[in-house]
Amino acid sequence: MFTGSMVAMVTPMHDDGGVDWGALERLVEHHIAQATDAIVSVGTTGESATLDHDEHGEVIARTVKAVAGRIPVIGGTGANSTSEAISLTRSAADAGVDACLLVVPYYNKPPQEGLYQHFKAIAEAVAVPQILYNVPGRTAADMQNDVTLRLAEIENIVAIKDATNDLDRGRDLIDRAPKDFLIYSGEDGTACELMLSGGKGTISVTANAAPNLMHRMCQAAISGDADTARALNGQLADLHKAMFVESNPIPAKWAVAQQGLIGGGIRLPLVPLPTERHDEVRSALSSAGVL
């Protein structure tokens with residue numbers, strides 16, 4: 001299975017909001033060169049909310065093609081409609097992804113049994129490995145650990161991205177889940193400690209701007225080298241915070257643009273990083289040694 005630093009990769013765009021396909025290919029090459037362990041295509045950070053259905057599938061397919069089997073590609077295919085999530089997941093599977101990432105349905109606030117039936121239906125419809133994604137701060141629905149553990153019994157549901165920012169909840173999953181069901185962090189600020197507790201990686205925003213440093217921190221944490229992991233994470237601490245001074249992926253896209261890897265395009269209703277935040281994010285990039 002997939003372990004380590006899995007970048008929630010930004011989707012490069014032109015100033016008019018159109019996808020910059022050339023920059024997408026260059027960004028893939030950059031992450032492979034910097035030892036990123038896997039790419040998550042069209043997650044929250046990839047602006048999944050404002051890509052239409054066809055664009056969503058094309059970004060994933062072109063990412064798979066550019067990666068060409070060198071590292072795993074995980075397609076973000078969640079939706080708050082079960083039938084739409086099945087359609088997106090089937091499309092990504094047909095494109096050749098190694099797994100799909102499925103967010104808890106947002107806005108309609110399903111009950112716990114509805115969450116179980118939603119993910120069960122997708123897993124039964126599409127045989128690709130599937131990673132659950134619990135991020136209650138964005139979805140207004142919080143999948144409880146007992147439901148996650150029920151879903152872990154389904155063969156092709158293989159992991160969860162826990163973005164609750166609650167280490168106790170993450171550790172509870174690690175303690176109670178089957179050994180072949182992996183727990184990933186979805187919060188860069190607490191990822192190191194979750195991995196030192198037995199988590200197997202992080203799906204990371206920070207990795208957009210500091211891919212090699214995140215890779216090395218994750219490898220140290222997963223191997224149990226706490227001193228090295230915490231030292232590297234200390235180097236990243238300011239950057240973890242800076243990536244969320246405005247709504248994700250506004251700071252991440254600005255940071256990657258400052259590194260000369262993409263242009264500044266972003267889609268409404270998101271807007272470019274305000275000028276008054278530039279020095280804060282630039283300082284964090286410098287403290288991490290990546291600018």
# chains A, B, ... in the order shown; residues from 1 in each chain; ligands from 1
call {"tool": "closest_atom_pairs", "arguments": {"of": "segment 5-94 of chain A", "to": "segment 258-276 of chain A", "cutoff": "12 Å", "atoms": "only C-alpha atoms", "output": "Markdown table"}}
result
| residue | atom | partner | partner_atom | distance |
| --- | --- | --- | --- | --- |
| A:Met9 | CA | A:Ile262 | CA | 11.8 |
| A:Val10 | CA | A:Ile262 | CA | 9.5 |
| A:Thr11 | CA | A:Ile266 | CA | 8.7 |
| A:Pro12 | CA | A:Ile262 | CA | 5.9 |
| A:Met13 | CA | A:Gly265 | CA | 4.6 |
| A:His14 | CA | A:Gly265 | CA | 4.7 |
| A:Asp15 | CA | A:Gly265 | CA | 4.3 |
| A:Asp16 | CA | A:Gly265 | CA | 6.8 |
| A:Gly17 | CA | A:Arg267 | CA | 5.4 |
| A:Gly18 | CA | A:Gly265 | CA | 8.0 |
| A:Val19 | CA | A:Gly265 | CA | 8.6 |
| A:Asp20 | CA | A:Ile262 | CA | 8.4 |
| A:Trp21 | CA | A:Ile262 | CA | 10.4 |
| A:Gly22 | CA | A:Ile262 | CA | 9.4 |
| A:Ala23 | CA | A:Ile262 | CA | 5.8 |
| A:Leu24 | CA | A:Ile262 | CA | 8.2 |
| A:Glu25 | CA | A:Leu261 | CA | 10.4 |
| A:Arg26 | CA | A:Leu261 | CA | 7.4 |
| A:Leu27 | CA | A:Leu261 | CA | 6.6 |
| A:Val28 | CA | A:Leu261 | CA | 10.3 |
| A:Glu29 | CA | A:Leu261 | CA | 10.5 |
| A:His30 | CA | A:Leu261 | CA | 8.3 |
| A:His31 | CA | A:Leu261 | CA | 10.7 |
| A:Thr45 | CA | A:Ile266 | CA | 11.0 |
| A:Gly46 | CA | A:Ile266 | CA | 10.1 |
| A:Glu47 | CA | A:Arg267 | CA | 7.9 |
| A:Ser48 | CA | A:Arg267 | CA | 10.5 |
| A:Ala49 | CA | A:Arg267 | CA | 9.7 |
| A:Thr50 | CA | A:Arg267 | CA | 7.0 |
| A:Leu51 | CA | A:Arg267 | CA | 8.9 |
| A:Asp52 | CA | A:Arg267 | CA | 11.8 |
call {"tool": "residues_around", "arguments": {"residues": "segment 120-126 of chain A", "least_positions_apart": "4", "cutoff": "8 Å", "atoms": "only C-alpha atoms", "output": "JSON, numbers by chain"}}
result
{"A": [82, 85, 86, 89, 90, 93, 116, 130, 151, 154, 156, 157]}
call {"tool": "select_by_dssp", "arguments": {"residues": "segment 194-290 of chain A", "states": "strand (DSSP E or B)", "output": "list in words"}}
result
Gly201, Thr202, Ile203 and Ser204 of chain A
call {"tool": "closest_residue", "arguments": {"among": "A:Met195, A:Val103, A:Ala226, A:Val135", "to": "Gly75 of chain A", "atoms": "only C-alpha atoms"}}
result
A:Val103
call {"tool": "residues_around", "arguments": {"residues": "Asn233 of chain A", "least_positions_apart": "2", "cutoff": "12 Å", "atoms": "only C-alpha atoms", "output": "ChimeraX atom specification"}}
result
/A:188-193,195-196,206-207,210,213-221,226-231,235-241,287-288
call {"tool": "write_last_selection", "arguments": {"atoms": "N, CA and C atoms", "output": "short mmCIF file (atom, residue, chain, number, x, y, z; two decimals), in the first residue's frame"}}
result
data_model
loop_
_atom_site.label_atom_id
_atom_site.label_comp_id
_atom_site.auth_asym_id
_atom_site.auth_seq_id
_atom_site.Cartn_x
_atom_site.Cartn_y
_atom_site.Cartn_z
N ASP A 188 -1.32 18.73 8.27
CA ASP A 188 0.13 18.80 8.26
C ASP A 188 0.72 19.10 9.64
N GLY A 189 0.05 19.94 10.42
CA GLY A 189 0.62 20.33 11.70
C GLY A 189 0.75 19.20 12.70
N THR A 190 -0.11 18.19 12.61
CA THR A 190 -0.07 17.06 13.55
C THR A 190 0.35 15.75 12.88
N ALA A 191 0.71 15.81 11.61
CA ALA A 191 1.03 14.59 10.87
C ALA A 191 2.21 13.85 11.46
N CYS A 192 3.25 14.57 11.85
CA CYS A 192 4.45 13.92 12.38
C CYS A 192 4.10 13.06 13.60
N GLU A 193 3.33 13.62 14.53
CA GLU A 193 3.00 12.87 15.74
C GLU A 193 2.08 11.70 15.44
N MET A 195 2.10 9.91 12.70
CA MET A 195 2.95 8.87 12.12
C MET A 195 3.84 8.22 13.17
N LEU A 196 4.33 8.99 14.12
CA LEU A 196 5.12 8.40 15.21
C LEU A 196 4.27 7.48 16.08
N THR A 206 1.33 21.02 2.58
CA THR A 206 2.70 21.55 2.68
C THR A 206 3.63 20.95 1.64
N ALA A 207 3.39 19.70 1.27
CA ALA A 207 4.26 19.02 0.30
C ALA A 207 4.25 19.69 -1.06
N ALA A 210 7.19 22.12 -0.22
CA ALA A 210 8.42 21.52 0.35
C ALA A 210 8.37 20.01 0.19
N LEU A 213 11.47 17.80 1.73
CA LEU A 213 11.51 17.90 3.18
C LEU A 213 10.36 17.11 3.81
N MET A 214 9.18 17.19 3.22
CA MET A 214 8.06 16.39 3.71
C MET A 214 8.33 14.91 3.54
N HIS A 215 8.90 14.52 2.42
CA HIS A 215 9.24 13.11 2.21
C HIS A 215 10.19 12.61 3.29
N ARG A 216 11.23 13.39 3.57
CA ARG A 216 12.22 12.95 4.55
C ARG A 216 11.63 12.92 5.96
N MET A 217 10.78 13.88 6.30
CA MET A 217 10.13 13.86 7.61
C MET A 217 9.24 12.64 7.75
N CYS A 218 8.46 12.34 6.71
CA CYS A 218 7.57 11.18 6.78
C CYS A 218 8.34 9.88 6.90
N GLN A 219 9.41 9.74 6.15
CA GLN A 219 10.19 8.50 6.22
C GLN A 219 10.76 8.31 7.62
N ALA A 220 11.25 9.39 8.22
CA ALA A 220 11.80 9.28 9.58
C ALA A 220 10.71 8.93 10.57
N ALA A 221 9.55 9.57 10.46
CA ALA A 221 8.47 9.32 11.41
C ALA A 221 7.93 7.91 11.29
N ALA A 226 12.18 9.30 15.91
CA ALA A 226 11.45 10.47 16.42
C ALA A 226 12.30 11.73 16.43
N ASP A 227 13.56 11.62 16.78
CA ASP A 227 14.41 12.82 16.86
C ASP A 227 14.55 13.48 15.49
N THR A 228 14.84 12.66 14.48
CA THR A 228 14.99 13.21 13.13
C THR A 228 13.67 13.75 12.62
N ALA A 229 12.60 13.00 12.82
CA ALA A 229 11.28 13.44 12.33
C ALA A 229 10.88 14.76 12.96
N ARG A 230 11.06 14.89 14.26
CA ARG A 230 10.66 16.13 14.93
C ARG A 230 11.55 17.30 14.54
N ALA A 231 12.83 17.03 14.29
CA ALA A 231 13.72 18.11 13.86
C ALA A 231 13.31 18.62 12.47
N GLN A 235 11.51 22.34 11.22
CA GLN A 235 11.89 23.18 10.08
C GLN A 235 10.67 23.55 9.23
N LEU A 236 9.66 22.68 9.25
CA LEU A 236 8.46 22.88 8.45
C LEU A 236 7.34 23.61 9.18
N ALA A 237 7.50 23.83 10.47
CA ALA A 237 6.38 24.29 11.30
C ALA A 237 5.76 25.58 10.80
N ASP A 238 6.59 26.57 10.46
CA ASP A 238 6.05 27.84 9.98
C ASP A 238 5.30 27.66 8.67
N LEU A 239 5.80 26.76 7.84
CA LEU A 239 5.16 26.54 6.54
C LEU A 239 3.82 25.84 6.71
N HIS A 240 3.74 24.88 7.64
CA HIS A 240 2.44 24.24 7.93
C HIS A 240 1.39 25.30 8.22
N LYS A 241 1.75 26.28 9.04
CA LYS A 241 0.80 27.34 9.42
C LYS A 241 0.51 28.26 8.25
N SER A 287 12.20 30.04 5.81
CA SER A 287 12.59 29.32 7.01
C SER A 287 12.66 27.82 6.79
N ALA A 288 11.87 27.35 5.83
CA ALA A 288 11.93 25.92 5.48
C ALA A 288 13.04 25.62 4.48
#
call {"tool": "atom_distance", "arguments": {"atom1": "atom CA of Ser87 of chain A", "atom2": "atom CA of Thr139 of chain A"}}
result
20.2 Å
call {"tool": "residues_around", "arguments": {"residues": "segment 172-175 of chain A", "least_positions_apart": "5", "cutoff": "10 Å", "atoms": "only C-alpha atoms", "output": "PyMOL selection string"}}
result
chain A and resi 145-146+148-149+160+162+167+181-184+194-195+197-200
call {"tool": "write_last_selection", "arguments": {"atoms": "C-alpha atoms", "output": "PDB file, in the first residue's frame"}}
result
ATOM      1  CA  ASN A 145     -14.502   5.962  14.242  1.00  0.00           C
ATOM      2  CA  ASP A 146     -16.944   3.086  14.710  1.00  0.00           C
ATOM      3  CA  THR A 148     -14.806   3.857   9.785  1.00  0.00           C
ATOM      4  CA  LEU A 149     -14.017   0.524  11.409  1.00  0.00           C
ATOM      5  CA  ILE A 160      -8.530   6.761   5.775  1.00  0.00           C
ATOM      6  CA  ASP A 162      -8.085  11.635   9.060  1.00  0.00           C
ATOM      7  CA  LEU A 167      -4.622  12.955  17.610  1.00  0.00           C
ATOM      8  CA  PHE A 181      -6.114  -0.748   7.012  1.00  0.00           C
ATOM      9  CA  LEU A 182      -3.869   2.317   7.025  1.00  0.00           C
ATOM     10  CA  ILE A 183      -4.326   5.620   8.823  1.00  0.00           C
ATOM     11  CA  TYR A 184      -3.062   8.750   7.102  1.00  0.00           C
ATOM     12  CA  LEU A 194       0.317  10.711  14.147  1.00  0.00           C
ATOM     13  CA  MET A 195       2.953   8.865  12.119  1.00  0.00           C
ATOM     14  CA  SER A 197       2.024   6.788  16.748  1.00  0.00           C
ATOM     15  CA  GLY A 198       1.676   4.320  13.883  1.00  0.00           C
ATOM     16  CA  GLY A 199       0.159   6.311  11.020  1.00  0.00           C
ATOM     17  CA  LYS A 200       1.576   5.439   7.609  1.00  0.00           C
TER      18      LYS A 200
END
call {"tool": "residues_around", "arguments": {"residues": "segment 60-74 of chain A", "least_positions_apart": "2", "cutoff": "10 Å", "atoms": "only C-alpha atoms", "output": "VMD selection string"}}
result
chain A and resid 1 to 3 6 to 8 21 24 to 29 31 to 32 35 to 43 55 to 58 76 to 77 91 to 101 129 to 131
call {"tool": "write_last_selection", "arguments": {"atoms": "N, CA and C atoms", "output": "short mmCIF file (atom, residue, chain, number, x, y, z; two decimals), in the first residue's frame"}}
result
data_model
loop_
_atom_site.label_atom_id
_atom_site.label_comp_id
_atom_site.auth_asym_id
_atom_site.auth_seq_id
_atom_site.Cartn_x
_atom_site.Cartn_y
_atom_site.Cartn_z
N MET A 1 0.83 -1.20 0.00
CA MET A 1 0.00 0.00 0.00
C MET A 1 0.86 1.25 0.00
N PHE A 2 0.21 2.39 -0.02
CA PHE A 2 0.89 3.68 -0.18
C PHE A 2 1.28 4.21 1.20
N THR A 3 2.50 4.70 1.30
CA THR A 3 2.98 5.29 2.55
C THR A 3 3.79 6.54 2.23
N MET A 6 2.27 12.09 0.58
CA MET A 6 1.38 12.04 -0.59
C MET A 6 0.85 13.45 -0.81
N VAL A 7 1.35 14.12 -1.83
CA VAL A 7 1.00 15.53 -2.03
C VAL A 7 -0.43 15.65 -2.54
N ALA A 8 -1.21 16.51 -1.90
CA ALA A 8 -2.51 16.92 -2.42
C ALA A 8 -2.22 18.01 -3.44
N TRP A 21 -2.08 22.76 -18.80
CA TRP A 21 -1.67 21.36 -18.93
C TRP A 21 -0.15 21.21 -18.97
N LEU A 24 1.05 21.37 -15.48
CA LEU A 24 0.69 20.14 -14.77
C LEU A 24 1.76 19.07 -14.99
N GLU A 25 2.20 18.91 -16.23
CA GLU A 25 3.24 17.92 -16.52
C GLU A 25 4.55 18.28 -15.84
N ARG A 26 4.90 19.56 -15.84
CA ARG A 26 6.14 19.98 -15.18
C ARG A 26 6.07 19.77 -13.67
N LEU A 27 4.90 20.00 -13.11
CA LEU A 27 4.73 19.83 -11.67
C LEU A 27 4.86 18.35 -11.29
N VAL A 28 4.32 17.47 -12.09
CA VAL A 28 4.49 16.04 -11.85
C VAL A 28 5.97 15.67 -11.84
N GLU A 29 6.72 16.16 -12.83
CA GLU A 29 8.15 15.85 -12.90
C GLU A 29 8.88 16.40 -11.67
N HIS A 31 7.68 16.80 -8.62
CA HIS A 31 7.40 15.97 -7.45
C HIS A 31 8.14 14.64 -7.51
N ILE A 32 8.25 14.07 -8.67
CA ILE A 32 9.00 12.81 -8.78
C ILE A 32 10.47 13.06 -8.49
N ALA A 35 11.17 13.33 -4.76
CA ALA A 35 10.92 12.11 -3.98
C ALA A 35 9.55 12.08 -3.29
N THR A 36 8.59 12.86 -3.77
CA THR A 36 7.22 12.71 -3.30
C THR A 36 6.80 11.25 -3.48
N ASP A 37 6.11 10.71 -2.48
CA ASP A 37 5.81 9.28 -2.47
C ASP A 37 4.57 8.91 -3.27
N ALA A 38 3.64 9.83 -3.42
CA ALA A 38 2.43 9.61 -4.22
C ALA A 38 1.80 10.97 -4.50
N ILE A 39 1.02 11.03 -5.56
CA ILE A 39 0.31 12.25 -5.94
C ILE A 39 -1.19 12.02 -5.80
N VAL A 40 -1.84 12.92 -5.08
CA VAL A 40 -3.30 12.95 -5.03
C VAL A 40 -3.76 14.02 -6.02
N SER A 41 -4.50 13.60 -7.02
CA SER A 41 -4.96 14.49 -8.09
C SER A 41 -6.42 14.86 -7.86
N VAL A 42 -6.70 16.16 -7.91
CA VAL A 42 -8.05 16.70 -7.78
C VAL A 42 -8.67 16.38 -6.42
N GLY A 43 -7.90 16.63 -5.37
CA GLY A 43 -8.48 16.69 -4.05
C GLY A 43 -8.95 18.12 -3.78
N GLU A 55 -13.54 18.09 -16.79
CA GLU A 55 -12.21 18.56 -16.39
C GLU A 55 -11.64 17.67 -15.27
N HIS A 56 -12.49 17.35 -14.32
CA HIS A 56 -12.09 16.49 -13.20
C HIS A 56 -11.44 15.20 -13.73
N GLY A 57 -12.14 14.54 -14.64
CA GLY A 57 -11.61 13.30 -15.19
C GLY A 57 -10.35 13.51 -16.00
N GLU A 58 -10.29 14.63 -16.74
CA GLU A 58 -9.12 14.86 -17.59
C GLU A 58 -7.88 15.18 -16.77
N GLY A 76 -8.92 12.02 -6.53
CA GLY A 76 -9.99 12.50 -5.66
C GLY A 76 -11.31 12.38 -6.38
N THR A 77 -12.22 11.55 -5.86
CA THR A 77 -13.46 11.26 -6.59
C THR A 77 -14.70 11.33 -5.70
N SER A 91 -14.60 6.61 -13.53
CA SER A 91 -13.79 7.31 -14.52
C SER A 91 -12.31 7.28 -14.15
N ALA A 92 -12.01 7.54 -12.87
CA ALA A 92 -10.62 7.53 -12.42
C ALA A 92 -10.01 6.14 -12.51
N ALA A 93 -10.80 5.14 -12.16
CA ALA A 93 -10.31 3.75 -12.26
C ALA A 93 -9.99 3.42 -13.72
N ASP A 94 -10.86 3.84 -14.62
CA ASP A 94 -10.62 3.58 -16.04
C ASP A 94 -9.36 4.30 -16.53
N ALA A 95 -9.04 5.45 -15.91
CA ALA A 95 -7.84 6.22 -16.29
C ALA A 95 -6.56 5.58 -15.77
N GLY A 96 -6.68 4.65 -14.82
CA GLY A 96 -5.51 3.93 -14.34
C GLY A 96 -4.96 4.36 -13.00
N VAL A 97 -5.77 5.05 -12.19
CA VAL A 97 -5.28 5.43 -10.86
C VAL A 97 -4.99 4.19 -10.02
N ASP A 98 -4.14 4.38 -9.03
CA ASP A 98 -3.82 3.29 -8.11
C ASP A 98 -4.83 3.18 -6.97
N ALA A 99 -5.52 4.28 -6.69
CA ALA A 99 -6.55 4.31 -5.65
C ALA A 99 -7.37 5.57 -5.84
N CYS A 100 -8.50 5.64 -5.12
CA CYS A 100 -9.32 6.85 -5.12
C CYS A 100 -9.50 7.34 -3.69
N LEU A 101 -9.60 8.66 -3.55
CA LEU A 101 -9.83 9.32 -2.27
C LEU A 101 -11.24 9.86 -2.26
N PRO A 129 -8.94 0.25 -5.21
CA PRO A 129 -8.71 0.55 -3.79
C PRO A 129 -9.22 1.95 -3.44
N GLN A 130 -9.85 2.09 -2.27
CA GLN A 130 -10.48 3.34 -1.89
C GLN A 130 -10.02 3.80 -0.52
N ILE A 131 -9.77 5.11 -0.42
CA ILE A 131 -9.32 5.75 0.81
C ILE A 131 -10.42 6.70 1.26
#
call {"tool": "atom_distance", "arguments": {"atom1": "atom CA of Ala242 of chain A", "atom2": "atom CA of Val256 of chain A"}}
result
12.7 Å
call {"tool": "atom_distance", "arguments": {"atom1": "atom CA of Thr164 of chain A", "atom2": "atom CA of Ser223 of chain A"}}
result
23.6 Å
call {"tool": "closest_residue", "arguments": {"among": "A:Gly224, A:Pro211, A:Pro251, A:Pro105", "to": "Ala33 of chain A", "atoms": "only C-alpha atoms"}}
result
A:Pro211
call {"tool": "closest_residue", "arguments": {"among": "A:Ser83, A:Asn248, A:Asn212, A:Ser286", "to": "Gln34 of chain A", "atoms": "only C-alpha atoms"}}
result
A:Asn212
call {"tool": "select_by_dssp", "arguments": {"residues": "segment 38-227 of chain A", "states": "alpha helix (DSSP H)", "output": "ChimeraX atom specification"}}
result
/A:53-67,82-95,112-125,136-139,145-151,167-176,188-196,211-223,226-227
call {"tool": "closest_residue", "arguments": {"among": "A:Ala79, A:Leu232, A:Ala163, A:Val290", "to": "Tyr107 of chain A", "atoms": "only C-alpha atoms"}}
result
A:Ala79
call {"tool": "decode", "arguments": {"residues": "segment 73-162 of chain A", "atoms": "C-alpha atoms", "output": "compact mmCIF listing (two decimals), in the first residue's frame"}}
result
# COMPACT_ATOMS: atom_id res chain seq x y z
CA VAL A 73 -1.56 8.32 -8.30
CA ILE A 74 -4.65 8.68 -6.13
CA GLY A 75 -7.69 10.31 -7.71
CA GLY A 76 -9.99 12.50 -5.66
CA THR A 77 -13.46 11.26 -6.59
CA GLY A 78 -15.73 12.10 -3.67
CA ALA A 79 -19.10 13.84 -3.98
CA ASN A 80 -22.18 14.45 -1.89
CA SER A 81 -24.21 12.45 -4.38
CA THR A 82 -23.49 8.72 -4.20
CA SER A 83 -24.21 8.20 -7.89
CA GLU A 84 -21.88 11.06 -8.84
CA ALA A 85 -19.13 9.67 -6.62
CA ILE A 86 -19.53 6.28 -8.30
CA SER A 87 -19.28 7.92 -11.74
CA LEU A 88 -16.16 9.90 -10.81
CA THR A 89 -14.56 6.85 -9.20
CA ARG A 90 -15.28 4.67 -12.22
CA SER A 91 -13.79 7.31 -14.52
CA ALA A 92 -10.62 7.53 -12.42
CA ALA A 93 -10.31 3.75 -12.26
CA ASP A 94 -10.62 3.58 -16.04
CA ALA A 95 -7.84 6.22 -16.29
CA GLY A 96 -5.51 3.93 -14.34
CA VAL A 97 -5.28 5.43 -10.86
CA ASP A 98 -3.82 3.29 -8.11
CA ALA A 99 -6.55 4.31 -5.65
CA CYS A 100 -9.32 6.85 -5.12
CA LEU A 101 -9.83 9.32 -2.27
CA LEU A 102 -13.46 9.75 -1.23
CA VAL A 103 -14.49 12.62 1.02
CA VAL A 104 -17.36 12.40 3.48
CA PRO A 105 -20.41 13.87 1.68
CA TYR A 106 -20.59 17.58 2.28
CA TYR A 107 -23.50 20.00 2.85
CA ASN A 108 -26.34 17.46 3.07
CA LYS A 109 -25.13 16.21 6.49
CA PRO A 110 -25.96 12.49 6.23
CA PRO A 111 -26.37 10.42 9.40
CA GLN A 112 -23.78 7.82 10.36
CA GLU A 113 -25.68 4.96 8.70
CA GLY A 114 -25.98 7.07 5.54
CA LEU A 115 -22.21 7.52 5.52
CA TYR A 116 -21.70 3.77 5.86
CA GLN A 117 -24.12 2.97 3.04
CA HIS A 118 -22.62 5.70 0.80
CA PHE A 119 -19.07 4.38 1.00
CA LYS A 120 -20.21 0.75 0.87
CA ALA A 121 -22.12 1.44 -2.35
CA ILE A 122 -19.08 3.04 -4.02
CA ALA A 123 -16.79 0.21 -2.95
CA GLU A 124 -19.19 -2.38 -4.33
CA ALA A 125 -19.64 -0.49 -7.60
CA VAL A 126 -15.94 0.09 -8.41
CA ALA A 127 -13.21 -2.42 -7.52
CA VAL A 128 -10.37 0.14 -7.25
CA PRO A 129 -8.71 0.55 -3.79
CA GLN A 130 -10.48 3.34 -1.89
CA ILE A 131 -9.32 5.75 0.81
CA LEU A 132 -11.90 7.40 3.04
CA TYR A 133 -11.50 11.11 3.85
CA ASN A 134 -12.99 12.60 7.00
CA VAL A 135 -12.68 16.40 7.17
CA PRO A 136 -15.56 17.69 9.32
CA GLY A 137 -14.29 21.26 9.21
CA ARG A 138 -15.21 21.37 5.52
CA THR A 139 -18.07 18.88 5.18
CA ALA A 140 -20.25 19.69 8.23
CA ALA A 141 -20.46 15.92 8.74
CA ASP A 142 -18.13 13.92 10.95
CA MET A 143 -17.75 10.18 10.35
CA GLN A 144 -17.27 8.52 13.71
CA ASN A 145 -14.50 5.96 14.24
CA ASP A 146 -16.94 3.09 14.71
CA VAL A 147 -18.33 3.68 11.20
CA THR A 148 -14.81 3.86 9.79
CA LEU A 149 -14.02 0.52 11.41
CA ARG A 150 -17.14 -1.05 9.89
CA LEU A 151 -16.06 0.20 6.48
CA ALA A 152 -12.52 -1.12 7.05
CA GLU A 153 -13.99 -4.62 6.83
CA ILE A 154 -14.80 -4.04 3.13
CA GLU A 155 -11.95 -5.46 1.06
CA ASN A 156 -11.21 -2.54 -1.25
CA ILE A 157 -11.61 0.18 1.42
CA VAL A 158 -7.97 0.28 2.43
CA ALA A 159 -7.23 3.48 4.38
CA ILE A 160 -8.53 6.76 5.77
CA LYS A 161 -7.27 10.31 5.59
CA ASP A 162 -8.09 11.63 9.06
